[in-house]
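One file, coords12.txt, carrying compact mmCIF, C-alpha atoms:
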# COMPACT_ATOMS: atom_id res chain seq x y z
CA MET E 32 222.56 42.11 96.59
CA TYR E 33 218.84 41.21 96.54
CA ASP E 34 216.54 41.90 93.61
CA PRO E 35 212.78 41.74 94.33
CA THR E 36 211.87 41.07 90.69
CA VAL E 37 214.26 38.12 90.44
CA ALA E 38 212.95 36.86 93.77
CA ARG E 39 209.32 37.09 92.65
CA LEU E 40 210.03 35.18 89.44
CA THR E 41 211.97 32.53 91.35
CA TYR E 42 209.21 32.06 93.92
CA ARG E 43 206.69 31.72 91.11
CA ALA E 44 208.83 29.06 89.40
CA LEU E 45 209.46 27.09 92.62
CA LEU E 46 205.89 27.17 93.85
CA GLY E 47 204.34 26.11 90.57
CA ARG E 48 201.84 23.29 90.69
CA ARG E 49 204.13 20.31 90.05
CA ARG E 50 206.98 21.27 92.37
CA ALA E 51 204.64 22.48 95.09
CA LEU E 52 202.81 19.14 95.12
CA VAL E 53 206.04 17.24 95.71
CA MET E 54 207.22 19.69 98.37
CA PHE E 55 203.88 19.51 100.20
CA ALA E 56 203.78 15.71 99.95
CA LEU E 57 207.03 15.10 101.82
CA PRO E 58 206.15 17.16 104.95
CA ALA E 59 202.64 15.69 104.93
CA LEU E 60 204.12 12.18 104.87
CA LEU E 61 206.43 13.06 107.79
CA ILE E 62 203.51 14.27 109.90
CA VAL E 63 201.44 11.18 109.05
CA ILE E 64 204.37 8.93 110.03
CA ALA E 65 204.84 10.88 113.27
CA ALA E 66 201.17 10.55 114.16
CA ALA E 67 201.18 6.81 113.41
CA VAL E 68 204.36 6.20 115.42
CA ARG E 69 203.00 8.16 118.38
CA ALA E 70 199.75 6.19 118.26
CA PHE E 71 201.53 2.84 118.27
CA THR E 72 204.51 3.51 120.56
CA GLY E 73 203.51 6.49 122.68
CA ALA E 74 205.90 9.30 123.57
CA ASP E 75 209.45 7.98 123.36
CA ASP E 76 212.43 10.31 123.08
CA GLN E 77 214.69 7.86 121.26
CA VAL E 78 211.97 6.86 118.79
CA ALA E 79 211.28 10.53 118.10
CA ALA E 80 214.99 11.13 117.44
CA ASN E 81 215.13 8.10 115.14
CA VAL E 82 212.13 9.22 113.08
CA LEU E 83 213.26 12.82 112.76
CA GLY E 84 216.84 11.83 112.01
CA GLY E 85 216.03 8.97 109.66
CA PHE E 86 213.30 10.60 107.60
CA ALA E 87 213.18 14.35 108.20
CA LEU E 88 216.88 15.20 108.19
CA ALA E 89 218.32 12.34 106.16
CA THR E 90 215.67 12.18 103.42
CA MET E 91 213.12 14.99 103.40
CA VAL E 92 215.47 17.98 103.76
CA PRO E 93 217.91 16.99 100.97
CA LEU E 94 215.05 16.08 98.62
CA ILE E 95 213.35 19.44 99.18
CA GLY E 96 216.77 21.05 98.81
CA VAL E 97 217.16 19.37 95.42
CA ILE E 98 213.77 20.65 94.26
CA ALA E 99 214.31 24.20 95.53
CA GLY E 100 218.01 24.55 94.76
CA THR E 101 218.02 23.17 91.23
CA GLY E 102 214.57 24.60 90.47
CA ALA E 103 215.71 28.13 91.34
CA ILE E 104 217.88 28.37 88.21
CA GLY E 105 218.14 25.04 86.36
CA PRO E 106 214.94 25.26 84.30
CA GLU E 107 215.81 28.79 83.15
CA ILE E 108 219.17 27.58 81.88
CA ASP E 109 217.64 24.51 80.23
CA ASP E 110 214.98 26.42 78.28
CA GLY E 111 217.22 29.43 77.52
CA SER E 112 215.06 31.96 79.35
CA ILE E 113 218.05 32.83 81.57
CA VAL E 114 219.33 34.91 78.63
CA TYR E 115 216.50 37.40 79.12
CA LEU E 116 217.32 37.72 82.80
CA LEU E 117 221.02 38.16 82.11
CA SER E 118 220.24 40.91 79.59
CA LYS E 119 218.75 43.04 82.37
CA PRO E 120 220.90 45.52 84.31
CA VAL E 121 221.21 43.21 87.31
CA LYS E 122 224.59 42.12 88.60
CA ARG E 123 225.27 38.40 88.25
CA PRO E 124 226.17 37.92 91.95
CA THR E 125 222.86 39.60 92.81
CA ILE E 126 220.99 37.08 90.66
CA ILE E 127 222.71 34.14 92.34
CA LEU E 128 222.35 35.53 95.86
CA THR E 129 218.68 36.37 95.33
CA LYS E 130 217.94 32.91 93.99
CA LEU E 131 219.87 31.37 96.88
CA ILE E 132 217.85 33.36 99.43
CA VAL E 133 214.61 32.21 97.80
CA ALA E 134 215.78 28.58 97.68
CA ILE E 135 216.82 28.71 101.35
CA ALA E 136 213.51 30.27 102.39
CA VAL E 137 211.48 27.64 100.52
CA THR E 138 213.60 24.75 101.82
CA MET E 139 213.39 26.02 105.38
CA ALA E 140 209.64 26.54 105.21
CA PHE E 141 208.94 23.07 103.83
CA SER E 142 211.48 21.37 106.13
CA ALA E 143 211.82 23.10 109.49
CA ILE E 144 208.14 23.79 110.19
CA PRO E 145 206.92 20.20 109.56
CA THR E 146 209.95 18.83 111.43
CA PHE E 147 209.01 20.84 114.51
CA ILE E 148 205.35 19.81 114.22
CA ALA E 149 206.34 16.14 113.83
CA GLY E 150 208.66 16.40 116.84
CA MET E 151 205.89 17.85 118.98
CA ILE E 152 203.57 15.04 117.89
CA LEU E 153 206.16 12.35 118.61
CA ASN E 154 207.21 13.32 122.13
CA GLY E 155 206.14 16.89 122.89
CA ASN E 156 209.71 18.15 122.51
CA GLY E 157 211.01 15.91 125.28
CA GLN E 158 214.76 16.45 125.75
CA GLN E 159 214.51 19.23 123.16
CA VAL E 160 214.31 16.70 120.31
CA ALA E 161 211.87 18.75 118.21
CA VAL E 162 213.89 21.95 118.66
CA ALA E 163 217.20 20.19 118.02
CA TYR E 164 216.08 18.70 114.72
CA THR E 165 214.36 21.93 113.71
CA VAL E 166 217.66 23.78 114.17
CA ALA E 167 219.44 21.01 112.26
CA THR E 168 217.03 21.29 109.33
CA LEU E 169 217.44 25.08 109.27
CA VAL E 170 221.23 24.96 108.94
CA ALA E 171 221.12 21.99 106.56
CA SER E 172 218.67 23.91 104.35
CA ILE E 173 221.26 26.64 103.84
CA ALA E 174 224.04 24.27 102.75
CA TYR E 175 221.79 22.08 100.59
CA SER E 176 220.30 25.11 98.82
CA ALA E 177 223.76 26.46 97.99
CA LEU E 178 225.02 23.08 96.78
CA PHE E 179 222.02 22.32 94.60
CA LEU E 180 221.84 25.87 93.24
CA LEU E 181 225.44 25.41 92.12
CA LEU E 182 224.54 22.05 90.62
CA GLY E 183 221.66 23.64 88.71
CA THR E 184 224.09 26.21 87.35
CA VAL E 185 226.76 23.81 86.14
CA SER E 186 224.79 20.78 84.89
CA ARG E 187 221.73 20.09 82.77
CA HIS E 188 221.26 16.87 84.74
CA ALA E 189 221.18 18.64 88.10
CA VAL E 190 217.99 16.99 89.35
CA VAL E 191 219.23 13.47 88.63
CA ILE E 192 222.63 14.13 90.19
CA GLY E 193 220.98 15.83 93.14
CA LEU E 194 218.65 12.90 93.73
CA VAL E 195 221.56 10.46 93.59
CA TYR E 196 223.42 12.60 96.12
CA ALA E 197 220.41 12.98 98.41
CA LEU E 198 219.23 9.37 98.34
CA ILE E 199 222.52 7.49 98.09
CA TRP E 200 225.24 9.67 99.60
CA GLU E 201 223.30 11.43 102.35
CA ALA E 202 220.66 8.85 103.24
CA LEU E 203 222.87 5.76 102.81
CA PHE E 204 226.63 6.40 102.82
CA GLY E 205 226.38 9.51 105.00
CA SER E 206 224.55 7.51 107.65
CA LEU E 207 226.44 4.21 107.54
CA ILE E 208 230.01 4.60 106.27
CA ALA E 209 232.42 6.21 108.73
CA GLY E 210 234.65 8.00 106.21
CA ALA E 211 231.73 9.43 104.26
CA LYS E 212 230.13 10.88 107.37
CA THR E 213 232.72 13.64 107.60
CA LEU E 214 231.65 14.89 104.17
CA SER E 215 227.92 14.72 104.89
CA VAL E 216 225.76 17.82 105.37
CA GLN E 217 223.49 15.62 107.46
CA GLN E 218 226.29 14.89 109.93
CA TRP E 219 227.27 18.56 110.10
CA ALA E 220 223.70 19.48 110.99
CA LEU E 221 223.53 16.64 113.53
CA ALA E 222 226.53 18.14 115.33
CA LEU E 223 224.42 21.18 116.08
CA ALA E 224 221.38 19.07 117.01
CA GLU E 225 223.57 17.09 119.40
CA LYS E 226 224.48 20.32 121.20
CA VAL E 227 220.83 21.34 121.58
CA SER E 228 219.30 17.99 122.59
CA GLY E 229 219.55 15.87 125.71
CA GLU E 230 222.90 14.22 126.35
CA GLY E 231 223.49 11.03 124.35
CA LEU E 232 220.19 11.16 122.47
CA ILE E 233 221.56 12.56 119.19
CA THR E 234 225.13 11.93 118.06
CA SER E 235 227.31 13.11 115.20
CA ASP E 236 230.67 11.87 113.98
CA VAL E 237 231.76 15.46 113.30
CA SER E 238 232.72 17.91 116.05
CA LEU E 239 230.68 21.10 116.32
CA PRO E 240 233.52 23.54 115.42
CA LEU E 241 234.43 21.50 112.33
CA ALA E 242 230.78 21.12 111.36
CA ALA E 243 230.18 24.87 111.63
CA ALA E 244 233.28 25.63 109.56
CA LEU E 245 232.30 23.10 106.87
CA LEU E 246 228.71 24.36 106.68
CA ALA E 247 229.87 27.95 106.28
CA GLY E 248 232.69 27.06 103.89
CA VAL E 249 230.55 24.91 101.59
CA THR E 250 227.79 27.52 101.47
CA VAL E 251 230.15 30.39 100.66
CA LEU E 252 232.23 28.46 98.12
CA ALA E 253 229.20 27.00 96.34
CA THR E 254 227.56 30.42 96.10
CA TRP E 255 230.75 32.06 94.84
CA TYR E 256 231.39 29.38 92.22
CA ALA E 257 227.79 29.52 91.01
CA GLY E 258 228.30 33.26 90.44
CA GLN E 259 231.47 32.55 88.48
CA LYS E 260 229.72 29.99 86.28
CA LEU E 261 226.89 32.42 85.62
CA ARG E 262 229.46 34.98 84.44
CA THR E 263 230.87 32.37 82.06
CA LEU E 264 227.39 31.61 80.78
CA THR E 265 226.82 35.31 80.15
CA LEU E 266 230.00 35.61 78.14
CA ALA E 267 229.09 32.56 76.07
CA GLY E 268 225.71 34.05 75.27
CA GLU E 269 227.22 37.36 74.28
CA GLU E 270 229.69 35.70 71.95

How does this structure look as structure tokens?
Amino acid sequence: MYDPTVARLTYRALLGRRRALVMFALPALLIVIAAAVRAFTGADDQVAANVLGGFALATMVPLIGVIAGTGAIGPEIDDGSIVYLLSKPVKRPTIILTKLIVAIAVTMAFSAIPTFIAGMILNGNGQQVAVAYTVATLVASIAYSALFLLLGTVSRHAVVIGLVYALIWEALFGSLIAGAKTLSVQQWALALAEKVSGEGLITSDVSLPLAAALLAGVTVLATWYAGQKLRTLTLAGEE
């Protein structure tokens, strides 16, 4: 279910100059913010949680997920080069799963590592804040990659839709509106961070069992449906 050639091509597409610059810029900005906050406020556990929750998890991770998830397949569909890949003797679920693995790896690398570094800068991992948000970004990276890979498969406007979702739903509604929080990947990841961190420092409106079930369910369903849409695309090309 993993094809090295597909993976190599996907890595090359995702880490091209333009996308790589954006993906490097966001973690760099997080670390700069962390250093500035630490210099002005000192080591404060709640401030560290606010910075990592407000920027790293709520903004940086979904944005990198948009770039990696949609970029893993969307451009190939847009320019028609996906036809050449589909003509090879590679099973369609293998293509989707390979691209998902690559998108997850890229999202994790550009999200979890800088989040941990920023957490250590902010408060030296006091009350496990750095570890908690690192774990949260890891699990969120999986769900975001699956969702945005699906979006790149079904829509030619995947990046725009993904940005609207990341910046409006996750960063705004998912943080402020009670009903929307239950359907927020951010809140699902926070449920796990809440379990890891010091008591009362990080909170989520979703219970841990429900969050785990939703994270797994969304990831599996999005991956399965992306495979189904790719099959449909293949049939359309053959006709």

Distance criterion (all atoms listed in the file): nearest to Leu169 (chain E) out of E:Ala189, E:Ile199, E:Leu214, E:Leu221 |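 Ranking E:Ala189, E:Ile199, E:Leu214, E:Leu221 by distance to Leu169 (chain E), first place goes to E:Leu221.
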
Kindly indicate which residue among E:Gly85, E:Gly47, E:Gly96, E:Gly248 lies nearest to Ser176 (chain E), using all atoms listed in the file for the distances.
->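 Among the listed residues, E:Gly96 lies closest to Ser176 (chain E).
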
Considering only C-alpha atoms, state which residue in the set E:Leu40, E:Ala220, E:Val160, E:Ile98 is at the smallest distance from Leu232 (chain E).
-> E:Val160

Pairwise distance for CA of Gly183 (chain E) and CA of Tyr256 (chain E), rounded to one decimal in Å =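 For CA of Gly183 (chain E) relative to CA of Tyr256 (chain E), the distance reads 11.8 Å.
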
Write out as JSON, numbers by chain each polymer residue whose atoms come within 12 Å of Ala59 (chain E), counting only C-alpha atoms; drop sequence neighbours fewer than 5 positions from it.
-> {"E": [52, 53, 54, 64, 65, 66, 87, 91, 141, 142, 144, 145, 146, 148, 149]}

Compare E:Leu60, E:Val92, E:Ile132, E:Ile127 by their minimum atom-to-atom distance to Gln259 (chain E), counting all atoms listed in the file, and give me the closest one.
->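 Closest to Gln259 (chain E), using all atoms listed in the file: E:Ile127.
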
Have a look at CA of Ala257 (chain E) and CA of Asp236 (chain E) and let me know their distance in Å, one decimal.
->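 CA of Ala257 (chain E) sits 29.1 Å away from CA of Asp236 (chain E).
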
List the neighbours of Val78 (chain E) out to 12 Å using all atoms listed in the file; skip same-chain residues closer than 2 positions along the sequence, and give me the result as a count of residues only.
-> 27

Which is closer to Lys130 (chain E) than all the others in E:Ala44, E:Leu94, E:Leu245, E:Ala67, using all atoms listed in the file?
->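 Answer, going by the shortest atom-to-atom distance: E:Ala44.
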
Given the choices E:Thr41, E:Ser228, E:Thr250, E:Thr234, which gets closest to Asn156 (chain E) if the distance is worked out from all atoms listed in the file?
->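 For Asn156 (chain E), the nearest of the given residues is E:Ser228.
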
Name the residues in contact with Gly193 (chain E) at a cut-off of 8 Å, using only C-alpha atoms, excluding same-chain residues fewer than 4 positions from it; report them as an MDAnalysis selection string.
-> chainID E and resid 97 179 182 189 197

Would you mind exporting the chosen residues as a compact mmCIF listing (two decimals), keeping the file's coordinate frame, restricted to C-alpha atoms?
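In the end it all went to again-v5.txt:
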# COMPACT_ATOMS: atom_id res chain seq x y z
CA VAL E 97 217.16 19.37 95.42
CA PHE E 179 222.02 22.32 94.60
CA LEU E 182 224.54 22.05 90.62
CA ALA E 189 221.18 18.64 88.10
CA ALA E 197 220.41 12.98 98.41
